[in-house]
Amino acid sequence: MLYLLPHLVTQHSARLWLCARGVDKAQLGSISLRVNGIDVPVPVKDWQGFPPKSSAAWQPTGAMPLHYQFIDKGALKSDRVYEASASLNDSEPVQARFETLPEQLGDETKPLRVLLSSCYFTGNKRSRLASSLLSQLDRNGLRPHLRIWAGDQVYLDAPWYEFAIESHSVAELERRHSATYARTWFAEQGLNTILAQGANVFCTDDHELWNNAPHPSATARDTSDSTKRKAWQAMARALGQTFQGDTANGQRFRVPPLDFFVLDTRVNRGECCERLFSDTQWRQLRAWAAEPQGLGVLVLGQPIFESASKRRGNFGDYRLADYERDYVELMDLLGRSARSTTVLTGDLHFSRIAWSSFPAGSTSSNERRVTELISSPLSLVAGGQLLSLFGGWVAAPAKASLPARHSFSGTTLHTEDALRSSDEGTMLLEFYRRGQRVFCTVSQWRLDELDASRPSFRQEYFLGTRS
């Protein structure tokens with residue numbers, strides 16, 4: 001069986017994920033790919049396999065053997081719809097479609113549409129309604145240019161009560177984790193029909209590993225054993241790279257004046273709150289934050305407007321603010337930037353809009369804003385409400401967990417009171433310009449209201465002025 005779906009799509013290129021499951025290795029050379037009817041090379045030498053042939057942390061059993069590769073198709077035209085297909089010999093082709101990004105951000109009659117989602121659990125029967133939700137947006141003429149998956153696309157540690165009570169062999173972990181990805185990516189009740197219908201950008205979080213990874217967790221009994229924990233982490237990373245791409249390095253793309261940067265805060269995270277990012281990620285982040293022009297859009301797996309959890313041990317669930325040194329620098333980069341920033345994230349099992357304003361001063365002649373948009377959950381994990389740290393929606397703290405002389409210290413965080421939602425659904429973001437000012441209309445679409453012709457919440461927000 002073949003699977004084809006678009007990953008990051010820009011104005012003139014598209015990265016396509018091509019997967020062959022249950023196909024003999026000798027047949028891989030017979031797989032063809034076309035974009036708008038034109039043949040695209042599928043290099044035989046570029047096929048990779050899961051599971052890997054060997055690993056220092058675990059001996060793979062081959063619970064879900066498959067081959068895959070990422071194919072970059074260039075020489076595309078901006079703001080166009082493309083149809084892609086892949087086939088094995090004369091078999092029925094599999095189809096995918098995507099739309100290239102516009103060269104510039106349009107006005108409100110032609111916005112850039114981004115679908116922001118996080119926290120998707122296939123064990124929830126309502127998860128299959130996600131495809132109906134996307135169809136609803138299509139019917140309303142709101143098909144997004146790209147979908148941003150902000151973390152916890154899979155729950156490898158769910159149902160939590162089973163992993164908290166039972167222990168598993170390494171082979172059993174491989175089988176269970178492979179089955180979770182298979183349900184999410186391949187099964188009809190998963191994201192199968194959604195992922196092929198547009199560009200996808202992935203940022204992972206802890207449940208792509210286990211709750212509060214890389215720290216041992218009481219809700220994942222196997223992680224208390226260092227050997228099993230290393231094996232679990234290795235196979236989870238291999239699965240993440242296979243399906244979601246290697247998120248260990250940042251991804252940057254632009255729709256001027258918007259400057260997107262996808263920064264995974266989980267895959268390079270160290271234990272004991274020692275580090276959030278690799279050296280490469282830091283170099284990429286600092287270069288992006290130092291850009292004086294445009295308006296930054298930062299995609300993260302966890303929110304920035306949160307206080308430190310102060311919870312330690314196997315029942316902890318660390319936030320970015322718990323990594324004090326790195327969090328302080330991250331926030332300082334945003335606070336001292338010459339341009340405004342919008343943060344897109346998830347994780348918290350509720351949706352929220354918050355912002356902090358910086359008056360015009362020595363670093364900028366215009367007011368700057370740091371705006372955070374949280375969209376979660378798309379499909380609630382079993383026991384999600386019970387395990388929630390807050391038990392429901394909570395406003396952003398009035399002040400961030402930062403030193404007294406920090407760049408954010410003179411600002412106050414504001415939370416939108418009109419959106420106090422813990423409902424399952426997704427957030428549609430429509431970015432557009434009005435003169436030199438950039439706005440976003442935020443809409444929340446809920447699984448409970450699939451028959452509605454309008455969102456449950458819709459509001460315009462000023463994001464910043466083009467530098």
# chains A, B, ... in the order shown; residues from 1 in each chain; ligands from 1
>>> residues_around(residues="Leu239 in chain A", least_positions_apart="6", cutoff="10 Å", atoms="only C-alpha atoms", output="PyMOL selection string")
chain A and resi 50-52+174+177-178+181+208-209+233+245-246
>>> write_last_selection(atoms="C-alpha atoms", output="PDB file, in the first residue's frame")
ATOM      1  CA  PHE A  50      11.364   1.600   9.564  1.00  0.00           C
ATOM      2  CA  PRO A  51      12.343   0.069  11.830  1.00  0.00           C
ATOM      3  CA  PRO A  52      16.016   0.901  11.373  1.00  0.00           C
ATOM      4  CA  GLU A 174       7.661  -1.318  19.598  1.00  0.00           C
ATOM      5  CA  HIS A 177       3.942   2.442  19.394  1.00  0.00           C
ATOM      6  CA  SER A 178       3.910   1.262  15.771  1.00  0.00           C
ATOM      7  CA  TYR A 181       1.185   5.626  14.415  1.00  0.00           C
ATOM      8  CA  GLU A 208       5.248  11.761  20.826  1.00  0.00           C
ATOM      9  CA  LEU A 209       7.481  10.237  23.526  1.00  0.00           C
ATOM     10  CA  GLN A 233      12.975   7.186  23.402  1.00  0.00           C
ATOM     11  CA  GLY A 245      10.068  14.409   9.652  1.00  0.00           C
ATOM     12  CA  ASP A 246      13.193  15.304  11.559  1.00  0.00           C
TER      13      ASP A 246
END
>>> select_by_dssp(residues="range 65-231 of chain A", states="helix (DSSP H, G or I)", output="ChimeraX atom specification")
/A:125-139,160-165,170-185,192-195,206-208,221-224,226-231
>>> closest_atom_pairs(of="range 313-373 of chain A", to="range 193-204 of chain A", cutoff="12 Å", atoms="only C-alpha atoms", output="JSON lines")
{"residue": "A:Leu344", "atom": "CA", "partner": "A:Cys203", "partner_atom": "CA", "distance": 10.5}
{"residue": "A:Thr345", "atom": "CA", "partner": "A:Cys203", "partner_atom": "CA", "distance": 9.1}
{"residue": "A:Gly346", "atom": "CA", "partner": "A:Cys203", "partner_atom": "CA", "distance": 10.2}
{"residue": "A:Asp347", "atom": "CA", "partner": "A:Thr204", "partner_atom": "CA", "distance": 10.1}
>>> residues_around(residues="Ala231 in chain A", least_positions_apart="4", cutoff="8 Å", atoms="only C-alpha atoms", output="ChimeraX atom specification")
/A:57-58,170,227,235
>>> residues_around(residues="range 415-430 of chain A", least_positions_apart="4", cutoff="8 Å", atoms="only C-alpha atoms", output="PyMOL selection string")
chain A and resi 111-117+130+144+349-355+375-380+392-396+440-448+457
>>> write_last_selection(atoms="C-alpha atoms", output="JSON list (two decimals), in the first residue's frame")
[["chain", "number", "residue", "atom", "x", "y", "z"],
["A", 111, "PRO", "CA", -5.93, 36.06, 3.62],
["A", 112, "LEU", "CA", -3.36, 33.40, 4.35],
["A", 113, "ARG", "CA", -5.30, 30.62, 6.08],
["A", 114, "VAL", "CA", -3.54, 28.46, 8.64],
["A", 115, "LEU", "CA", -5.23, 25.66, 10.58],
["A", 116, "LEU", "CA", -3.72, 25.28, 14.05],
["A", 117, "SER", "CA", -4.31, 21.99, 15.90],
["A", 130, "ALA", "CA", -11.75, 15.65, 12.50],
["A", 144, "PRO", "CA", -6.36, 26.36, 4.70],
["A", 349, "HIS", "CA", -6.15, 21.01, 26.48],
["A", 350, "PHE", "CA", -7.82, 24.37, 26.10],
["A", 351, "SER", "CA", -7.78, 27.25, 23.64],
["A", 352, "ARG", "CA", -6.61, 30.70, 24.64],
["A", 353, "ILE", "CA", -5.55, 34.05, 23.18],
["A", 354, "ALA", "CA", -3.15, 36.29, 25.11],
["A", 355, "TRP", "CA", -0.80, 39.13, 24.30],
["A", 375, "SER", "CA", -5.41, 25.60, 20.04],
["A", 376, "SER", "CA", -6.11, 22.34, 21.92],
["A", 377, "PRO", "CA", -7.39, 19.64, 21.99],
["A", 378, "LEU", "CA", -8.47, 18.38, 18.56],
["A", 379, "SER", "CA", -9.43, 15.05, 20.12],
["A", 380, "LEU", "CA", -9.10, 14.71, 23.90],
["A", 392, "GLY", "CA", -9.83, 23.36, 32.85],
["A", 393, "TRP", "CA", -9.28, 26.69, 31.14],
["A", 394, "VAL", "CA", -7.03, 29.21, 32.87],
["A", 395, "ALA", "CA", -5.95, 32.73, 31.92],
["A", 396, "ALA", "CA", -2.34, 33.61, 31.19],
["A", 440, "CYS", "CA", -5.38, 37.88, 12.19],
["A", 441, "THR", "CA", -8.99, 36.79, 12.41],
["A", 442, "VAL", "CA", -9.13, 33.86, 14.83],
["A", 443, "SER", "CA", -11.98, 31.36, 14.52],
["A", 444, "GLN", "CA", -12.65, 28.34, 16.68],
["A", 445, "TRP", "CA", -14.47, 25.41, 15.06],
["A", 446, "ARG", "CA", -15.72, 22.77, 17.49],
["A", 447, "LEU", "CA", -16.40, 19.07, 16.94],
["A", 448, "ASP", "CA", -19.72, 19.55, 18.76],
["A", 457, "PHE", "CA", -15.86, 32.06, 18.16]]
>>> residues_around(residues="Glu324 in chain A", least_positions_apart="3", cutoff="9 Å", atoms="only C-alpha atoms", output="ChimeraX atom specification")
/A:273-275,308,320-321,327-329,401-402
>>> residues_around(residues="Thr465 in chain A", least_positions_apart="4", cutoff="10 Å", atoms="only C-alpha atoms", output="list in words")
Pro257, Gly294, Leu295, Arg339, Ser340, Ser365, Asn366, Glu367, Arg368, Arg369, Arg433, Arg434, Gly435, Gln436, Arg437, Val438 and Phe439 of chain A
>>> closest_residue(among="A:Glu271, A:Asp264, A:Arg286, A:Arg336", to="Tyr323 in chain A", atoms="only C-alpha atoms")
A:Glu271
>>> select_by_dssp(residues="range 109-287 of chain A", states="strand (DSSP E)", output="PyMOL selection string")
chain A and resi 112-117+146-149+199-202+251-255+258-262
>>> residues_around(residues="Asp451 in chain A", least_positions_apart="4", cutoff="10 Å", atoms="only C-alpha atoms", output="list in words")
Ser132, Leu133, Gln136 and Leu447 of chain A
>>> closest_residue(among="A:Phe243, A:Trp232, A:Phe261, A:Phe358", to="Pro60 in chain A", atoms="only C-alpha atoms")
A:Trp232
>>> atom_distance(atom1="CA of Ser226 in chain A", atom2="CA of Glu166 in chain A")
16.4 Å
>>> closest_residue(among="A:His7, A:Leu173, A:Glu162, A:Gly29", to="Phe98 in chain A", atoms="only C-alpha atoms")
A:His7
>>> decode(residues="range 68-130 of chain A", atoms="C-alpha atoms", output="short mmCIF file (atom, residue, chain, number, x, y, z; two decimals), in the first residue's frame")
data_model
loop_
_atom_site.label_atom_id
_atom_site.label_comp_id
_atom_site.auth_asym_id
_atom_site.auth_seq_id
_atom_site.Cartn_x
_atom_site.Cartn_y
_atom_site.Cartn_z
CA TYR A 68 9.61 5.92 3.00
CA GLN A 69 11.34 8.96 1.59
CA PHE A 70 10.90 12.71 1.44
CA ILE A 71 10.92 14.10 -2.09
CA ASP A 72 11.43 17.80 -2.75
CA LYS A 73 9.61 19.05 -5.85
CA GLY A 74 10.81 22.43 -7.02
CA ALA A 75 10.09 24.80 -9.90
CA LEU A 76 6.49 25.34 -8.78
CA LYS A 77 4.45 28.51 -9.24
CA SER A 78 3.18 30.44 -6.26
CA ASP A 79 -0.45 30.53 -5.19
CA ARG A 80 -1.40 27.50 -7.30
CA VAL A 81 -3.20 24.24 -6.55
CA TYR A 82 -1.27 21.09 -7.43
CA GLU A 83 -2.42 17.49 -7.68
CA ALA A 84 0.05 14.71 -6.89
CA SER A 85 -0.26 10.96 -7.38
CA ALA A 86 1.88 7.89 -6.72
CA SER A 87 1.46 4.36 -8.03
CA LEU A 88 3.16 0.97 -8.04
CA ASN A 89 3.28 -0.44 -11.58
CA ASP A 90 -0.30 -0.32 -12.92
CA SER A 91 -2.04 -0.19 -9.54
CA GLU A 92 -4.63 2.46 -8.67
CA PRO A 93 -2.71 5.63 -7.77
CA VAL A 94 -2.98 7.33 -4.40
CA GLN A 95 -3.77 11.03 -4.53
CA ALA A 96 -2.73 14.16 -2.67
CA ARG A 97 -3.22 17.86 -3.24
CA PHE A 98 -1.58 21.05 -1.99
CA GLU A 99 -1.57 24.77 -2.63
CA THR A 100 1.66 26.74 -2.89
CA LEU A 101 1.97 29.83 -0.73
CA PRO A 102 1.38 33.33 -2.09
CA GLU A 103 4.38 35.58 -2.73
CA GLN A 104 3.06 38.23 -0.32
CA LEU A 105 0.45 38.44 2.39
CA GLY A 106 -2.82 39.65 0.91
CA ASP A 107 -5.50 41.92 2.29
CA GLU A 108 -8.56 40.64 4.14
CA THR A 109 -10.24 39.59 0.88
CA LYS A 110 -7.43 37.09 0.27
CA PRO A 111 -5.93 36.06 3.62
CA LEU A 112 -3.36 33.40 4.35
CA ARG A 113 -5.30 30.62 6.08
CA VAL A 114 -3.54 28.46 8.64
CA LEU A 115 -5.23 25.66 10.58
CA LEU A 116 -3.72 25.28 14.05
CA SER A 117 -4.31 21.99 15.90
CA SER A 118 -2.74 19.94 18.68
CA CYS A 119 -3.46 17.00 20.97
CA TYR A 120 -5.10 14.27 18.89
CA PHE A 121 -5.99 10.89 20.42
CA THR A 122 -7.32 8.19 18.08
CA GLY A 123 -8.62 6.18 21.04
CA ASN A 124 -11.33 8.82 21.41
CA LYS A 125 -14.22 7.80 19.12
CA ARG A 126 -14.81 11.46 18.34
CA SER A 127 -11.37 11.64 16.70
CA ARG A 128 -12.87 10.50 13.39
CA LEU A 129 -14.92 13.70 13.32
CA ALA A 130 -11.75 15.65 12.50
#
